$ cat my_file.txt   # compact mmCIF, C-alpha atoms
# COMPACT_ATOMS: atom_id res chain seq x y z
CA MET A 281 50.78 -72.75 -13.67
CA ILE A 282 54.40 -72.97 -14.83
CA ILE A 283 53.34 -74.32 -18.22
CA SER A 284 50.99 -71.37 -18.65
CA GLN A 285 53.76 -68.92 -17.77
CA LEU A 286 56.17 -70.63 -20.15
CA LYS A 287 53.59 -70.55 -22.94
CA SER A 288 53.02 -66.84 -22.35
CA LEU A 289 56.76 -66.22 -22.37
CA LEU A 290 57.25 -68.18 -25.60
CA ILE A 291 54.41 -66.32 -27.27
CA SER A 292 55.71 -62.94 -26.17
CA LEU A 293 59.23 -63.79 -27.34
CA SER A 294 58.11 -65.07 -30.72
CA LEU A 295 55.81 -62.11 -31.31
CA SER A 296 58.00 -59.30 -29.93
CA PRO A 297 58.59 -57.82 -33.44
CA LEU A 298 54.80 -57.65 -33.81
CA PHE A 299 54.56 -55.69 -30.56
CA LEU A 300 57.03 -53.12 -31.85
CA GLY A 301 54.67 -52.30 -34.68
CA LEU A 302 51.85 -51.69 -32.21
CA GLY A 303 53.76 -49.42 -29.86
CA TYR A 304 52.39 -45.98 -29.09
CA PHE A 305 54.81 -43.15 -29.73
CA PRO A 306 53.23 -39.78 -28.94
CA SER A 307 54.07 -36.96 -31.34
CA GLN A 308 54.27 -34.47 -28.49
CA ALA A 309 55.64 -34.81 -24.99
CA GLN A 310 52.85 -36.06 -22.77
CA THR A 311 52.81 -37.13 -19.17
CA PRO A 312 51.35 -40.49 -18.17
CA ASN A 313 48.57 -38.65 -16.29
CA SER A 314 47.51 -36.78 -19.42
CA LEU A 315 47.08 -40.08 -21.27
CA SER A 316 45.16 -42.00 -18.62
CA GLY A 317 41.70 -40.61 -19.43
CA GLU A 318 42.30 -40.10 -23.14
CA THR A 319 40.22 -42.07 -25.63
CA ILE A 320 42.24 -43.26 -28.60
CA THR A 321 41.71 -45.39 -31.68
CA ARG A 322 43.98 -48.28 -32.61
CA VAL A 323 43.78 -50.31 -35.79
CA VAL A 324 45.17 -53.83 -35.98
CA THR A 325 45.57 -55.21 -39.50
CA LEU A 326 46.57 -58.76 -40.33
CA LYS A 327 47.42 -59.87 -43.84
CA LYS A 328 46.21 -63.42 -44.37
CA THR A 329 48.14 -65.91 -46.47
CA ASN A 330 45.58 -65.53 -49.27
CA GLY A 331 46.40 -61.81 -49.44
CA GLU A 332 43.20 -60.69 -47.72
CA ASN A 333 43.57 -58.03 -45.03
CA LEU A 334 41.66 -58.29 -41.77
CA SER A 335 41.34 -54.98 -39.98
CA PHE A 336 40.04 -54.31 -36.48
CA GLN A 337 39.37 -50.88 -35.02
CA ILE A 338 39.73 -50.47 -31.26
CA VAL A 339 38.42 -47.36 -29.52
CA GLY A 340 38.90 -46.94 -25.80
CA LEU A 341 40.94 -45.51 -22.99
CA HIS A 342 44.62 -45.19 -23.88
CA ASP A 343 46.08 -48.10 -21.90
CA ARG A 344 43.15 -50.43 -22.48
CA ALA A 345 43.05 -49.75 -26.24
CA ASN A 346 46.79 -50.38 -26.53
CA ASN A 347 46.49 -53.57 -24.46
CA ALA A 348 43.53 -54.76 -26.55
CA ALA A 349 45.54 -54.18 -29.73
CA ILE A 350 48.47 -56.19 -28.41
CA VAL A 351 46.29 -59.07 -27.20
CA LEU A 352 44.38 -59.10 -30.50
CA ALA A 353 47.59 -59.14 -32.52
CA THR A 354 48.96 -61.92 -30.31
CA VAL A 355 45.99 -64.25 -30.65
CA LEU A 356 45.67 -63.55 -34.38
CA GLY A 357 49.41 -64.16 -34.77
CA VAL A 358 49.17 -67.64 -33.29
CA GLY A 359 46.27 -68.59 -35.53
CA VAL A 360 43.13 -68.03 -33.48
CA ASP A 361 40.13 -67.52 -35.78
CA ALA A 362 39.46 -63.83 -36.41
CA ASN A 363 35.84 -64.07 -35.26
CA VAL A 364 36.94 -65.57 -31.97
CA ALA A 365 39.95 -63.30 -31.63
CA LYS A 366 37.93 -60.10 -31.82
CA ILE A 367 36.15 -60.87 -28.55
CA VAL A 368 39.36 -59.91 -26.76
CA ILE A 369 38.68 -56.30 -27.67
CA SER A 370 35.56 -56.01 -25.53
CA ILE A 371 37.06 -58.04 -22.69
CA VAL A 372 40.26 -56.00 -22.43
CA LEU A 373 38.43 -52.69 -22.92
CA ALA A 374 36.21 -53.68 -19.99
CA GLY A 375 39.32 -53.88 -17.82
CA ALA A 376 40.44 -57.51 -17.86
CA ASP A 377 44.11 -58.24 -17.38
CA PRO A 378 45.62 -58.48 -20.90
CA VAL A 379 48.00 -61.38 -20.11
CA LEU A 380 45.20 -63.40 -18.53
CA THR A 381 42.88 -62.56 -21.42
CA THR A 382 45.50 -63.85 -23.85
CA ASP A 383 45.83 -67.02 -21.80
CA LEU A 384 42.05 -67.45 -21.69
CA ILE A 385 41.58 -67.05 -25.44
CA LEU A 386 44.52 -69.32 -26.30
CA ASN A 387 43.10 -72.04 -24.07
CA LEU A 388 39.62 -71.65 -25.55
CA ASN A 389 41.15 -72.14 -29.00
CA GLY A 390 40.93 -75.87 -29.67
CA LEU A 391 39.22 -76.60 -26.34
CA VAL A 392 36.45 -78.64 -27.98
CA THR A 393 37.20 -80.86 -30.95
CA ASP A 394 35.07 -83.25 -32.96
CA GLN A 395 37.51 -86.12 -32.62
CA THR A 396 38.50 -86.04 -28.96
CA GLY A 397 35.76 -84.06 -27.25
CA VAL A 398 37.12 -81.68 -24.61
CA ASN A 399 40.81 -81.08 -24.00
CA LEU A 400 40.86 -81.29 -20.18
CA THR A 401 44.18 -79.46 -19.84
CA LYS A 402 42.89 -76.52 -21.88
CA LEU A 403 39.62 -76.55 -19.95
CA ASN A 404 41.44 -76.38 -16.60
CA GLN A 405 43.73 -73.61 -17.82
CA ALA A 406 40.83 -71.63 -19.31
CA ILE A 407 38.85 -71.91 -16.05
CA ASN A 408 41.90 -70.78 -14.07
CA ALA A 409 42.48 -67.79 -16.38
CA TYR A 410 38.80 -66.81 -16.26
CA ASN A 411 38.65 -67.05 -12.47
CA THR A 412 41.89 -65.09 -12.07
CA ILE A 413 40.56 -62.33 -14.36
CA VAL A 414 37.54 -62.05 -12.06
CA ASP A 415 39.68 -62.17 -8.90
CA LYS A 416 42.09 -59.48 -10.14
CA ALA A 417 39.45 -57.09 -11.50
CA ASP A 418 38.68 -53.95 -9.54
CA ALA A 419 35.03 -53.12 -8.81
CA ASN A 420 34.56 -50.98 -11.93
CA SER A 421 36.20 -53.54 -14.22
CA LEU A 422 34.22 -56.38 -12.69
CA LYS A 423 30.98 -54.50 -13.32
CA ALA A 424 32.04 -53.79 -16.92
CA LEU A 425 33.02 -57.44 -17.44
CA ASN A 426 29.64 -58.58 -16.11
CA ASN A 427 28.05 -56.31 -18.73
CA THR A 428 30.22 -57.75 -21.52
CA PRO A 429 28.25 -60.53 -23.26
CA ALA A 430 31.35 -62.26 -24.63
CA PHE A 431 32.90 -62.56 -21.18
CA THR A 432 29.74 -63.81 -19.47
CA SER A 433 29.16 -66.30 -22.32
CA ILE A 434 32.68 -67.67 -21.86
CA GLY A 435 32.00 -68.09 -18.15
CA ALA A 436 28.75 -69.95 -18.84
CA LEU A 437 30.46 -72.19 -21.41
CA LEU A 438 33.29 -73.08 -19.02
CA GLN A 439 30.86 -73.79 -16.18
CA ASN A 440 28.69 -75.95 -18.45
CA LEU A 441 31.69 -77.98 -19.66
CA ARG A 442 33.01 -78.44 -16.12
CA GLU A 443 29.61 -79.63 -14.88
CA ARG A 444 29.20 -82.10 -17.76
CA LEU A 445 32.62 -83.60 -17.18
CA GLY A 446 32.03 -83.94 -13.45

$ encode --input "my_file.txt" --output "structure tokens"
Amino acid sequence: MIISQLKSLLISLSLSPLFLGLGYFPSQAQTPNSLSGETITRVVTLKKTNGENLSFQIVGLHDRANNAAIVLATVLGVGVDANVAKIVISIVLAGADPVLTTDLILNLNGLVTDQTGVNLTKLNQAINAYNTIVDKADANSLKALNNTPAFTSIGALLQNLRERLG
């Protein structure tokens, strides 16, 4: 648990300049209540080392869209494959905790390798993050997560790996 918290802290510290670029600064004075039900669009763009730009559009409720953008930028920033990283959008928009979603995706990254099989530490941490997302979700978020194919596929994968390893 402490290692996971330290990893999250290190990631947030090393990527804090990235977060500043994703901040939401309203052009007019708005109260938090006026933003809660508002649907917004966020675009996260990453310039790859080969000069290619990857761009992701996120449309959802204000807080969830902002959280999805931050989690996406975080996992892309630490090198998670773009195709894998984009699943965070649907998971966070469904209502999953953004910190736990980051932890889940980072532990899925490199979980299974050709040379060593399954990284048991990453498997344990991914299972813990997944289960905590489910435990912390309110009824509406849990229903939305159960209707999110990426999230249910991750759960099935983790369960399958745990069963195979005994």

$ atom_distance --input "my_file.txt" --atom1 "CA of Leu352 (chain A)" --atom2 "CA of Glu443 (chain A)"
29.7 Å

$ residues_around --input "my_file.txt" --residues "Asn404 (chain A)" --least-positions-apart "4" --cutoff "9 Å" --atoms "only C-alpha atoms" --output "list in words"
Asn387, Asn399, Leu400, Asn408, Ala409 and Arg442 of chain A

$ residues_around --input "my_file.txt" --residues "region 410-417 of chain A" --least-positions-apart "3" --cutoff "9 Å" --atoms "all atoms listed in the file" --output "tab-separated table (two decimals) with C-alpha atoms, keeping the file's coordinate frame"
chain	number	residue	atom	x	y	z
A	375	GLY	CA	39.32	-53.88	-17.82
A	376	ALA	CA	40.44	-57.51	-17.86
A	377	ASP	CA	44.11	-58.24	-17.38
A	380	LEU	CA	45.20	-63.40	-18.53
A	381	THR	CA	42.88	-62.56	-21.42
A	383	ASP	CA	45.83	-67.02	-21.80
A	384	LEU	CA	42.05	-67.45	-21.69
A	405	GLN	CA	43.73	-73.61	-17.82
A	406	ALA	CA	40.83	-71.63	-19.31
A	407	ILE	CA	38.85	-71.91	-16.05
A	420	ASN	CA	34.56	-50.98	-11.93
A	421	SER	CA	36.20	-53.54	-14.22
A	422	LEU	CA	34.22	-56.38	-12.69
A	425	LEU	CA	33.02	-57.44	-17.44
A	431	PHE	CA	32.90	-62.56	-21.18
A	434	ILE	CA	32.68	-67.67	-21.86
A	435	GLY	CA	32.00	-68.09	-18.15
A	438	LEU	CA	33.29	-73.08	-19.02

$ atom_distance --input "my_file.txt" --atom1 "CA of Val392 (chain A)" --atom2 "CA of Leu445 (chain A)"
12.5 Å

$ residues_around --input "my_file.txt" --residues "Ala424 (chain A)" --least-positions-apart "6" --cutoff "9 Å" --atoms "only C-alpha atoms" --output "number ranges by chain"
A: 371, 373-375

$ atom_distance --input "my_file.txt" --atom1 "CA of Val323 (chain A)" --atom2 "CA of Gln337 (chain A)"
4.5 Å

$ residues_around --input "my_file.txt" --residues "Ile369 (chain A)" --least-positions-apart "2" --cutoff "9 Å" --atoms "all atoms listed in the file" --output "ChimeraX atom specification"
/A:338,345,347-349,351-352,365-367,371-374

$ residues_around --input "my_file.txt" --residues "Thr329 (chain A)" --least-positions-apart "4" --cutoff "12 Å" --atoms "all atoms listed in the file" --output "list in words"
Asn333, Leu334, Gly357 and Gly359 of chain A

$ closest_residue --input "my_file.txt" --among "A:Leu341, A:Val379, A:Val398, A:Val364" --to "Ala430 (chain A)" --atoms "only C-alpha atoms"
A:Val364
